[in-house]
There are 2 protein chains.
Amino acid sequence: MSDHGSQPAKPEQPSSPEKPARNLDAYRAHYAERTAGMTASEIRALFAVASRPEVVSLAGGMPNLAALPLDSLAAEVARLISVDGQVALQYGSAHGVPELREQICDVMALEGISAHPDDVMVTAGSQMALDMVTRIFCDPGDVILAEGPSYVGALGSFAAYQAEVVHVAMDDDGLQPDALRQAIANVNAQGKRIKFLYTIPNFHNPGGITLALPRRAEILEICAQHGILVVEDNPYGLLGFDGQPHPALRSMDADNVVYLGSFSKTFASGLRVGWVLAPHAIREKLVLTAESATLCPPTLNQMIVSRYLSTHDWQGQIKIFQEQYRERRDAMLSALEQYMPPGCTWTRPDGGFFVWLTVPEGVDTKAMLPRAVTQRVAYVSGTGFYHDGFGSRQMRLSFCYPTPERIREGVRRLANTLTEEMELVRTFGTVPQRSVQGPQAPSPDTA
Amino acid sequence: MSDHGSQPAKPEQPSSPEKPARNLDAYRAHYAERTAGMTASEIRALFAVASRPEVVSLAGGMPNLAALPLDSLAAEVARLISVDGQVALQYGSAHGVPELREQICDVMALEGISAHPDDVMVTAGSQMALDMVTRIFCDPGDVILAEGPSYVGALGSFAAYQAEVVHVAMDDDGLQPDALRQAIANVNAQGKRIKFLYTIPNFHNPGGITLALPRRAEILEICAQHGILVVEDNPYGLLGFDGQPHPALRSMDADNVVYLGSFSKTFASGLRVGWVLAPHAIREKLVLTAESATLCPPTLNQMIVSRYLSTHDWQGQIKIFQEQYRERRDAMLSALEQYMPPGCTWTRPDGGFFVWLTVPEGVDTKAMLPRAVTQRVAYVSGTGFYHDGFGSRQMRLSFCYPTPERIREGVRRLANTLTEEMELVRTFGTVPQRSVQGPQAPSPDTA
């Protein structure tokens, strides 16, 4: 990602064709401008190391699938292929299997949403849905408002369409309405167009925070007043640990909210089945766009989800996941209390997968990562979750995947690393801050 | 698609927010420029009618899956989920399952390609691979050379990135080298950049034509000389009816060809598993791009393909498909000979799914389509396969899906329709040509 405000470099115009023997990439001068900042993340190399079994990875956003009823699922899928294989293994429409779209409306009803199946489009995961929404709305230079921090996968999509991201501050109750008003005013004063507000209102990735109920109405009102579409990304909404889910933003405003949902965290991530719910005209454009991107989402996977929803106690399964993740959250929070040196603060999520940790001043979490991996623990540095280079005093800790014991051990190792780092800072002075840079490409292990 | 050479309309800049009550799409002014020509195809409405069982559809590009061994496939998939479900149902990498990438190299070897699994990226269908390739190379206004006609799904992707398509003439031996030289010279003289040549060398969709062997070397040489990348799209290469496949372009030039492959026609379309093989640096950028588009392709589907390739006689299955499609081609060609009125010509494919029919002057195949559907037969008008509005004297006929008997009946109905249309032309004069317009959005039933 280029620095905020500077132009991406124009590709060279060769007068004679490149000879492959002279450089490693004969097509270096041919790439589109949107690829200008696209480089392999140095973090990815580190994560190849971090995925070794002796490392406790608190970095991954992978759901824990151990509790899935694999045998009965296998039997159901076998039936699907034997009996309906000629449909399940055939092209479908970009709109998505009709029965599944109806069932998706039943799932969304749990968060107060009332919708028509026709306004739902199924996608190969909600990442693809977000990519399609950005594709139909954003021209290069358009502004997208997002929480600060925001989901690394979303920042990657926005960068691919050369949109400018303006982060808006959160507190323990989520996005701050006054900060939102101020950001809108600033962007308007610069003469730029805001295309939408991107928000993850429940068990935020990476922040762990949930948007408080009174704020939901206020934020919808601010956006409606300024003609700003709201894109509500809600993969974790049903993974709260206490009580009922909050009503979705879409349940409070059907005209100005585009809602993204997913089965990745409530069922299975490897199926890549998500969806977008949008006002009709938007949904029509999304189907046209999705056709050129992928023809149609996989029919088999949609029918697997549909059969699963019909034949299994999927709500009971979600409860099992909730308990599983609650136990892990408790392990992480108690370990943080027990081990972290003074000066650290962290969020206390009521659901989802993530804790957002802030370290004392002087420590750079990105610079510290290699030392953490040497001590056999991994996390994602906060800088990956900002468009504009902030986040070097923060890190995201995932509690979704390892066992509670491993989580405690990982936090212990992290605390050791941090204590040593703070000693270095005291001895040698503040570790120099890295220059402003943007998000790395998202990858499933850090999504 | 806007007319060749004109600018897409700029979205309005409202001074006050749109009120939803006043128009059907409150966000009409918010869409990106790339959506300017994106409208629901009137053909799609017609195809809703055309998909009724009493209509013989010669329009669809859907493979015929009746011959798949569904029961043994079902058993294999059940084993996969029961035993390896925690991997198969989990996120994977955007690069793709390593074992499958190795197997893909074995599949490509059948067409002479020698490749390293690391240079393969798996995608959710080859449509997605093409979309990603276009995304990393094309800025708005860049030129893509393509055969005339070309695949509607590709034209849709190119339009989404606001690339300009310049069609290059084919004859019975495929893309014409002199026409290619001329097109390159014309585009260079206009000061525009050619980013790549997009070609479907085997059993062309929609043309049915195969690029003759001597032409392959010549075209590669022309492109290499001008520093033009070649994107080789080859979903049908293994579905020839006689003898061995031609060597792929990629087998003759590993440095300047990006190869797109698919399991949709040789195994199962509803799985959405395809791939791209590219020089290393390009492949690296493709993985980064794919991550922001979709995180990763579905793990389950990749493992299904991998298991299928390991445990089933997939080459024997392809032979079964070849025979099945050969029988259907023969039915179509003999029915065309028997029924078509004088003045019609058509291609005679040696494999694949499609025949390209040219009707006598004065007949407009797009205007004729409603009358054909009334006579209970459907096809895809040639205009969908050109960027620039040509093709109104052509149509694509698919023989892949219906039975041989239905194919003959469909051609008979089509010949009736055509005969009546020609009578109308003789009586009332030439049906007015439609104004220049571009391709409709692709959909799986016309892909």
# chains A, B, ... in the order shown; residues from 1 in each chain; ligands from 1
>>> residues_around(residues="segment 58-64 of chain B", least_positions_apart="4", cutoff="10 Å", atoms="only C-alpha atoms", output="NGL selection string")
(:A and (86 or 90-92)) or (:B and (47 or 50-51 or 68 or 205-206 or 264-270 or 321 or 324-325 or 332 or 352-355 or 377-381 or 395-403 or 406-407 or 410-411 or 414 or 443-447))
>>> closest_atom_pairs(of="chain A", to="chain B", cutoff="7 Å", atoms="only C-alpha atoms", output="tab-separated table")
residue	atom	partner	partner_atom	distance
A:Pro17	CA	B:Gly227	CA	4.8
A:Asp25	CA	B:Ala281	CA	5.7
A:His30	CA	B:Phe137	CA	6.3
A:Tyr31	CA	B:Phe137	CA	4.4
A:Ala32	CA	B:Phe137	CA	4.5
A:Glu33	CA	B:Asp139	CA	6.6
A:Thr35	CA	B:Ile136	CA	6.3
A:Met62	CA	B:Tyr91	CA	6.9
A:Leu65	CA	B:Gln86	CA	5.9
A:Ala66	CA	B:Gln86	CA	6.7
A:Leu70	CA	B:Ser82	CA	5.2
A:Asp71	CA	B:Ser82	CA	5.1
A:Ala74	CA	B:Ala78	CA	4.4
A:Ala75	CA	B:Ala78	CA	6.2
A:Val77	CA	B:Ala78	CA	6.7
A:Ala78	CA	B:Ala74	CA	4.4
A:Ile81	CA	B:Ala74	CA	5.4
A:Ser82	CA	B:Asp71	CA	5.1
A:Gly85	CA	B:Leu70	CA	6.4
A:Gln86	CA	B:Leu65	CA	5.9
A:Ala88	CA	B:Gly270	CA	6.2
A:Leu89	CA	B:Gly270	CA	4.0
A:Gln90	CA	B:Gly270	CA	4.0
A:Tyr91	CA	B:Gly270	CA	4.6
A:Gly92	CA	B:Pro444	CA	6.6
A:Ser93	CA	B:Pro444	CA	6.3
A:Gly125	CA	B:Thr294	CA	6.8
A:Gln127	CA	B:Thr294	CA	5.2
A:Met128	CA	B:Thr294	CA	4.8
A:Asp131	CA	B:Ala293	CA	5.7
A:Ile136	CA	B:Ala32	CA	5.5
A:Phe137	CA	B:Tyr31	CA	4.4
A:Cys138	CA	B:Ala32	CA	5.1
A:Asp139	CA	B:Ala32	CA	5.1
A:Gly153	CA	B:Ser292	CA	6.0
A:Gly156	CA	B:Ser292	CA	5.1
A:Ser157	CA	B:Ser292	CA	4.9
A:Lys195	CA	B:His30	CA	6.8
A:His226	CA	B:Pro17	CA	6.4
A:Gly227	CA	B:Pro17	CA	4.8
A:Ala268	CA	B:Leu89	CA	5.5
A:Ser269	CA	B:Gln90	CA	5.0
A:Gly270	CA	B:Leu89	CA	4.0
A:Leu271	CA	B:Pro298	CA	5.3
A:Arg272	CA	B:Pro298	CA	5.5
A:Ala281	CA	B:Asp25	CA	5.7
A:Leu288	CA	B:Ala441	CA	6.0
A:Glu291	CA	B:Ser443	CA	6.0
A:Ser292	CA	B:Ser157	CA	5.0
A:Ala293	CA	B:Met128	CA	5.5
A:Thr294	CA	B:Met128	CA	4.8
A:Leu295	CA	B:Pro444	CA	5.7
A:Cys296	CA	B:Pro444	CA	6.9
A:Pro298	CA	B:Leu271	CA	5.2
A:Thr299	CA	B:Gly270	CA	5.0
A:Leu300	CA	B:Gly270	CA	6.1
A:Ala441	CA	B:Leu288	CA	6.0
A:Pro442	CA	B:Glu291	CA	6.1
A:Ser443	CA	B:Leu295	CA	6.0
A:Pro444	CA	B:Leu295	CA	5.7
>>> select_by_dssp(residues="segment 168-389 of chain A", states="alpha helix (DSSP H)", output="PyMOL selection string")
chain A and resi 177-189+213-225+249-252+280-294+299-311+314-339+365-374
>>> atom_distance(atom1="atom CA of Pro177 of chain B", atom2="atom CA of Glu232 of chain B")
15.9 Å
>>> closest_residue(among="A:Val55, A:Ala183, A:Ile144, A:Ala254", to="Glu409 of chain A", atoms="only C-alpha atoms")
A:Val55
>>> residues_around(residues="Val425 of chain A", least_positions_apart="4", cutoff="10 Å", atoms="only C-alpha atoms", output="PyMOL selection string")
chain A and resi 361-364+419-421+429-431
>>> write_last_selection(atoms="N, CA, C and O atoms", output="PDB file, in the first residue's frame")
ATOM      1  N   GLU A 361       4.129   2.083  26.052  1.00  0.00           N
ATOM      2  CA  GLU A 361       4.790   2.933  25.062  1.00  0.00           C
ATOM      3  C   GLU A 361       6.255   2.535  24.915  1.00  0.00           C
ATOM      4  O   GLU A 361       6.909   2.157  25.886  1.00  0.00           O
ATOM      5  N   GLY A 362       6.742   2.624  23.684  1.00  0.00           N
ATOM      6  CA  GLY A 362       8.128   2.257  23.427  1.00  0.00           C
ATOM      7  C   GLY A 362       8.270   0.895  22.798  1.00  0.00           C
ATOM      8  O   GLY A 362       9.269   0.612  22.122  1.00  0.00           O
ATOM      9  N   VAL A 363       7.294   0.037  22.998  1.00  0.00           N
ATOM     10  CA  VAL A 363       7.360  -1.301  22.420  1.00  0.00           C
ATOM     11  C   VAL A 363       6.676  -1.284  21.057  1.00  0.00           C
ATOM     12  O   VAL A 363       5.591  -0.706  20.898  1.00  0.00           O
ATOM     13  N   ASP A 364       7.309  -1.918  20.079  1.00  0.00           N
ATOM     14  CA  ASP A 364       6.757  -2.031  18.722  1.00  0.00           C
ATOM     15  C   ASP A 364       6.399  -3.501  18.488  1.00  0.00           C
ATOM     16  O   ASP A 364       7.286  -4.360  18.417  1.00  0.00           O
ATOM     17  N   THR A 419       8.115  -8.719  28.548  1.00  0.00           N
ATOM     18  CA  THR A 419       8.926  -8.247  29.670  1.00  0.00           C
ATOM     19  C   THR A 419      10.366  -7.995  29.223  1.00  0.00           C
ATOM     20  O   THR A 419      10.969  -6.968  29.555  1.00  0.00           O
ATOM     21  N   GLU A 420      10.900  -8.924  28.450  1.00  0.00           N
ATOM     22  CA  GLU A 420      12.262  -8.745  27.933  1.00  0.00           C
ATOM     23  C   GLU A 420      12.339  -7.542  26.995  1.00  0.00           C
ATOM     24  O   GLU A 420      13.319  -6.780  27.008  1.00  0.00           O
ATOM     25  N   GLU A 421      11.296  -7.383  26.180  1.00  0.00           N
ATOM     26  CA  GLU A 421      11.265  -6.256  25.230  1.00  0.00           C
ATOM     27  C   GLU A 421      11.244  -4.929  25.984  1.00  0.00           C
ATOM     28  O   GLU A 421      11.940  -3.981  25.624  1.00  0.00           O
ATOM     29  N   GLY A 429      16.499   2.617  25.084  1.00  0.00           N
ATOM     30  CA  GLY A 429      15.633   3.661  24.560  1.00  0.00           C
ATOM     31  C   GLY A 429      14.572   3.066  23.664  1.00  0.00           C
ATOM     32  O   GLY A 429      14.592   1.895  23.323  1.00  0.00           O
ATOM     33  N   THR A 430      13.633   3.927  23.238  1.00  0.00           N
ATOM     34  CA  THR A 430      12.482   3.461  22.460  1.00  0.00           C
ATOM     35  C   THR A 430      12.952   2.794  21.171  1.00  0.00           C
ATOM     36  O   THR A 430      13.788   3.329  20.447  1.00  0.00           O
ATOM     37  N   VAL A 431      12.410   1.632  20.888  1.00  0.00           N
ATOM     38  CA  VAL A 431      12.637   0.967  19.598  1.00  0.00           C
ATOM     39  C   VAL A 431      12.090   1.891  18.512  1.00  0.00           C
ATOM     40  O   VAL A 431      10.960   2.344  18.604  1.00  0.00           O
TER      41      VAL A 431
END
>>> atom_distance(atom1="atom CA of Phe203 of chain A", atom2="atom CA of Asn234 of chain A")
8.8 Å
>>> atom_distance(atom1="atom CA of Ser251 of chain A", atom2="atom CA of Ala115 of chain A")
8.9 Å
>>> select_by_dssp(residues="segment 50-285 of chain A", states="strand (DSSP E)", output="compact mmCIF listing (two decimals) with N, CA and C atoms, in the first residue's frame")
# COMPACT_ATOMS: atom_id res chain seq x y z
N VAL A 56 2.98 -21.87 19.98
CA VAL A 56 1.58 -21.62 20.28
C VAL A 56 1.14 -20.44 19.42
N SER A 57 0.26 -20.70 18.46
CA SER A 57 -0.19 -19.61 17.60
C SER A 57 -1.44 -18.98 18.17
N VAL A 120 -31.18 -11.84 -1.18
CA VAL A 120 -29.97 -12.50 -0.71
C VAL A 120 -29.20 -13.02 -1.92
N MET A 121 -27.89 -12.81 -1.95
CA MET A 121 -27.05 -13.48 -2.95
C MET A 121 -26.02 -14.32 -2.19
N VAL A 122 -25.88 -15.58 -2.60
CA VAL A 122 -24.90 -16.46 -1.96
C VAL A 122 -23.54 -16.25 -2.64
N THR A 123 -22.48 -16.30 -1.86
CA THR A 123 -21.13 -16.08 -2.40
C THR A 123 -20.19 -17.16 -1.88
N VAL A 143 -13.57 7.22 -0.87
CA VAL A 143 -13.25 6.99 0.54
C VAL A 143 -14.19 5.96 1.14
N ILE A 144 -13.63 5.07 1.92
CA ILE A 144 -14.41 4.14 2.74
C ILE A 144 -14.09 4.44 4.19
N LEU A 145 -15.13 4.63 5.00
CA LEU A 145 -14.94 4.82 6.43
C LEU A 145 -14.93 3.43 7.08
N ALA A 146 -14.00 3.23 8.00
CA ALA A 146 -13.94 1.94 8.68
C ALA A 146 -13.54 2.19 10.12
N GLU A 147 -13.89 1.26 11.00
CA GLU A 147 -13.40 1.36 12.36
C GLU A 147 -11.86 1.33 12.36
N GLY A 148 -11.28 1.88 13.40
CA GLY A 148 -9.84 1.77 13.57
C GLY A 148 -9.59 1.01 14.87
N GLU A 164 -9.54 4.79 -0.69
CA GLU A 164 -8.81 5.32 0.46
C GLU A 164 -9.62 5.01 1.71
N VAL A 165 -8.96 4.45 2.71
CA VAL A 165 -9.67 4.11 3.94
C VAL A 165 -9.41 5.19 4.99
N VAL A 166 -10.47 5.69 5.59
CA VAL A 166 -10.35 6.62 6.72
C VAL A 166 -10.85 5.89 7.96
N HIS A 167 -9.97 5.70 8.91
CA HIS A 167 -10.34 5.00 10.14
C HIS A 167 -11.07 5.92 11.10
N VAL A 168 -12.04 5.37 11.82
CA VAL A 168 -12.81 6.12 12.81
C VAL A 168 -12.64 5.42 14.15
N ALA A 169 -12.37 6.21 15.20
CA ALA A 169 -12.00 5.64 16.49
C ALA A 169 -13.14 4.85 17.13
N MET A 170 -12.77 3.79 17.83
CA MET A 170 -13.69 3.01 18.66
C MET A 170 -13.32 3.21 20.14
N ASP A 171 -14.26 2.90 21.00
CA ASP A 171 -13.95 2.73 22.42
C ASP A 171 -14.58 1.42 22.86
N GLY A 174 -17.61 0.42 21.03
CA GLY A 174 -17.57 0.35 19.57
C GLY A 174 -17.30 1.69 18.92
N LEU A 175 -17.70 1.78 17.66
CA LEU A 175 -17.48 2.99 16.87
C LEU A 175 -18.05 4.20 17.60
N ILE A 194 -17.43 9.83 0.03
CA ILE A 194 -17.51 8.66 0.91
C ILE A 194 -18.50 7.68 0.30
N LYS A 195 -18.04 6.46 0.02
CA LYS A 195 -18.95 5.50 -0.60
C LYS A 195 -19.70 4.66 0.44
N PHE A 196 -19.04 4.24 1.48
CA PHE A 196 -19.75 3.54 2.54
C PHE A 196 -18.95 3.49 3.83
N LEU A 197 -19.68 3.18 4.90
CA LEU A 197 -19.08 2.87 6.20
C LEU A 197 -19.03 1.35 6.32
N TYR A 198 -17.85 0.82 6.56
CA TYR A 198 -17.68 -0.62 6.76
C TYR A 198 -17.55 -0.87 8.26
N THR A 199 -18.42 -1.70 8.81
CA THR A 199 -18.41 -1.93 10.25
C THR A 199 -18.62 -3.40 10.59
N LEU A 229 -23.97 4.76 2.65
CA LEU A 229 -24.39 3.37 2.81
C LEU A 229 -23.62 2.73 3.98
N VAL A 230 -24.26 1.81 4.67
CA VAL A 230 -23.58 1.08 5.74
C VAL A 230 -23.39 -0.38 5.29
N VAL A 231 -22.16 -0.84 5.35
CA VAL A 231 -21.88 -2.25 5.03
C VAL A 231 -21.59 -2.96 6.36
N GLU A 232 -22.50 -3.82 6.76
CA GLU A 232 -22.44 -4.49 8.06
C GLU A 232 -21.91 -5.91 7.87
N ASP A 233 -20.74 -6.17 8.41
CA ASP A 233 -20.09 -7.47 8.24
C ASP A 233 -20.24 -8.23 9.55
N VAL A 257 -28.61 -0.38 4.53
CA VAL A 257 -27.60 -1.30 5.05
C VAL A 257 -27.43 -2.46 4.09
N VAL A 258 -26.19 -2.76 3.75
CA VAL A 258 -25.85 -3.98 3.03
C VAL A 258 -25.23 -4.92 4.05
N TYR A 259 -25.81 -6.10 4.20
CA TYR A 259 -25.43 -7.02 5.28
C TYR A 259 -24.66 -8.20 4.72
N LEU A 260 -23.52 -8.51 5.33
CA LEU A 260 -22.71 -9.65 4.91
C LEU A 260 -22.75 -10.73 5.98
N GLY A 261 -23.06 -11.94 5.60
CA GLY A 261 -23.11 -13.05 6.55
C GLY A 261 -22.26 -14.22 6.08
N SER A 262 -22.04 -15.16 6.96
CA SER A 262 -21.13 -16.25 6.66
C SER A 262 -21.47 -17.48 7.47
N GLY A 274 -20.95 -17.92 2.01
CA GLY A 274 -21.38 -16.71 2.70
C GLY A 274 -22.49 -16.07 1.90
N TRP A 275 -22.87 -14.85 2.30
CA TRP A 275 -23.95 -14.20 1.56
C TRP A 275 -23.94 -12.71 1.78
N VAL A 276 -24.65 -12.02 0.90
CA VAL A 276 -24.91 -10.60 1.05
C VAL A 276 -26.42 -10.39 0.92
N LEU A 277 -26.94 -9.55 1.80
CA LEU A 277 -28.35 -9.13 1.75
C LEU A 277 -28.36 -7.65 1.45
>>> closest_residue(among="B:Asp173, B:Ala109, B:Arg413, B:Val359", to="Thr374 of chain B", atoms="only C-alpha atoms")
B:Arg413
>>> closest_residue(among="B:Phe263, B:Trp356, B:Phe390, B:Phe385", to="Ser306 of chain B", atoms="only C-alpha atoms")
B:Phe263
>>> decode(residues="segment 104-127 of chain A", atoms="N, CA, C and O atoms", output="tab-separated table (two decimals), in the first residue's frame")
chain	number	residue	atom	x	y	z
A	104	ILE	N	-31.22	-18.98	4.75
A	104	ILE	CA	-30.40	-17.87	5.23
A	104	ILE	C	-31.28	-16.81	5.89
A	104	ILE	O	-30.91	-16.20	6.90
A	105	CYS	N	-32.47	-16.59	5.33
A	105	CYS	CA	-33.40	-15.64	5.95
A	105	CYS	C	-33.80	-16.12	7.35
A	105	CYS	O	-33.94	-15.30	8.27
A	106	ASP	N	-33.95	-17.42	7.53
A	106	ASP	CA	-34.25	-17.95	8.86
A	106	ASP	C	-33.09	-17.73	9.82
A	106	ASP	O	-33.28	-17.40	10.99
A	107	VAL	N	-31.87	-17.90	9.33
A	107	VAL	CA	-30.70	-17.67	10.18
A	107	VAL	C	-30.61	-16.20	10.58
A	107	VAL	O	-30.38	-15.86	11.74
A	108	MET	N	-30.84	-15.32	9.62
A	108	MET	CA	-30.74	-13.88	9.92
A	108	MET	C	-31.85	-13.42	10.86
A	108	MET	O	-31.67	-12.45	11.61
A	109	ALA	N	-32.96	-14.13	10.85
A	109	ALA	CA	-34.06	-13.76	11.75
A	109	ALA	C	-33.65	-13.84	13.21
A	109	ALA	O	-34.19	-13.13	14.04
A	110	LEU	N	-32.65	-14.67	13.50
A	110	LEU	CA	-32.17	-14.77	14.88
A	110	LEU	C	-31.58	-13.46	15.38
A	110	LEU	O	-31.46	-13.26	16.59
A	111	GLU	N	-31.18	-12.59	14.45
A	111	GLU	CA	-30.64	-11.29	14.85
A	111	GLU	C	-31.59	-10.17	14.47
A	111	GLU	O	-31.17	-9.02	14.30
A	112	GLY	N	-32.85	-10.54	14.31
A	112	GLY	CA	-33.90	-9.54	14.12
A	112	GLY	C	-34.14	-9.12	12.69
A	112	GLY	O	-34.97	-8.27	12.42
A	113	ILE	N	-33.43	-9.72	11.75
A	113	ILE	CA	-33.54	-9.28	10.36
A	113	ILE	C	-34.74	-9.95	9.68
A	113	ILE	O	-34.91	-11.17	9.76
A	114	SER	N	-35.52	-9.10	9.01
A	114	SER	CA	-36.63	-9.60	8.21
A	114	SER	C	-36.28	-9.34	6.75
A	114	SER	O	-36.07	-8.20	6.35
A	115	ALA	N	-36.19	-10.39	5.95
A	115	ALA	CA	-35.70	-10.21	4.58
A	115	ALA	C	-36.40	-11.16	3.62
A	115	ALA	O	-36.94	-12.18	4.03
A	116	HIS	N	-36.32	-10.80	2.34
A	116	HIS	CA	-36.86	-11.65	1.29
A	116	HIS	C	-35.72	-12.44	0.66
A	116	HIS	O	-34.67	-11.87	0.38
A	117	PRO	N	-35.91	-13.73	0.42
A	117	PRO	CA	-34.82	-14.52	-0.15
A	117	PRO	C	-34.28	-13.95	-1.46
A	117	PRO	O	-33.11	-14.14	-1.78
A	118	ASP	N	-35.10	-13.25	-2.20
A	118	ASP	CA	-34.64	-12.70	-3.46
A	118	ASP	C	-33.57	-11.64	-3.26
A	118	ASP	O	-32.76	-11.41	-4.15
A	119	ASP	N	-33.54	-11.02	-2.09
A	119	ASP	CA	-32.56	-9.96	-1.83
A	119	ASP	C	-31.26	-10.51	-1.26
A	119	ASP	O	-30.38	-9.75	-0.90
A	120	VAL	N	-31.18	-11.84	-1.18
A	120	VAL	CA	-29.97	-12.50	-0.71
A	120	VAL	C	-29.20	-13.02	-1.92
A	120	VAL	O	-29.79	-13.57	-2.86
A	121	MET	N	-27.89	-12.81	-1.95
A	121	MET	CA	-27.05	-13.48	-2.95
A	121	MET	C	-26.02	-14.32	-2.19
A	121	MET	O	-25.37	-13.83	-1.26
A	122	VAL	N	-25.88	-15.58	-2.60
A	122	VAL	CA	-24.90	-16.46	-1.96
A	122	VAL	C	-23.54	-16.25	-2.64
A	122	VAL	O	-23.47	-16.05	-3.86
A	123	THR	N	-22.48	-16.30	-1.86
A	123	THR	CA	-21.13	-16.08	-2.40
A	123	THR	C	-20.19	-17.16	-1.88
A	123	THR	O	-20.50	-17.87	-0.93
A	124	ALA	N	-19.02	-17.23	-2.53
A	124	ALA	CA	-18.01	-18.19	-2.08
A	124	ALA	C	-17.30	-17.58	-0.87
A	124	ALA	O	-16.15	-17.19	-0.94
A	125	GLY	N	-18.02	-17.52	0.26
A	125	GLY	CA	-17.49	-16.88	1.45
A	125	GLY	C	-17.85	-15.39	1.49
A	125	GLY	O	-18.08	-14.77	0.44
A	126	SER	N	-17.94	-14.81	2.67
A	126	SER	CA	-18.34	-13.40	2.74
A	126	SER	C	-17.20	-12.48	2.30
A	126	SER	O	-17.43	-11.32	1.97
A	127	GLN	N	-15.97	-12.98	2.24
A	127	GLN	CA	-14.88	-12.19	1.67
A	127	GLN	C	-15.20	-11.82	0.23
A	127	GLN	O	-14.99	-10.70	-0.21
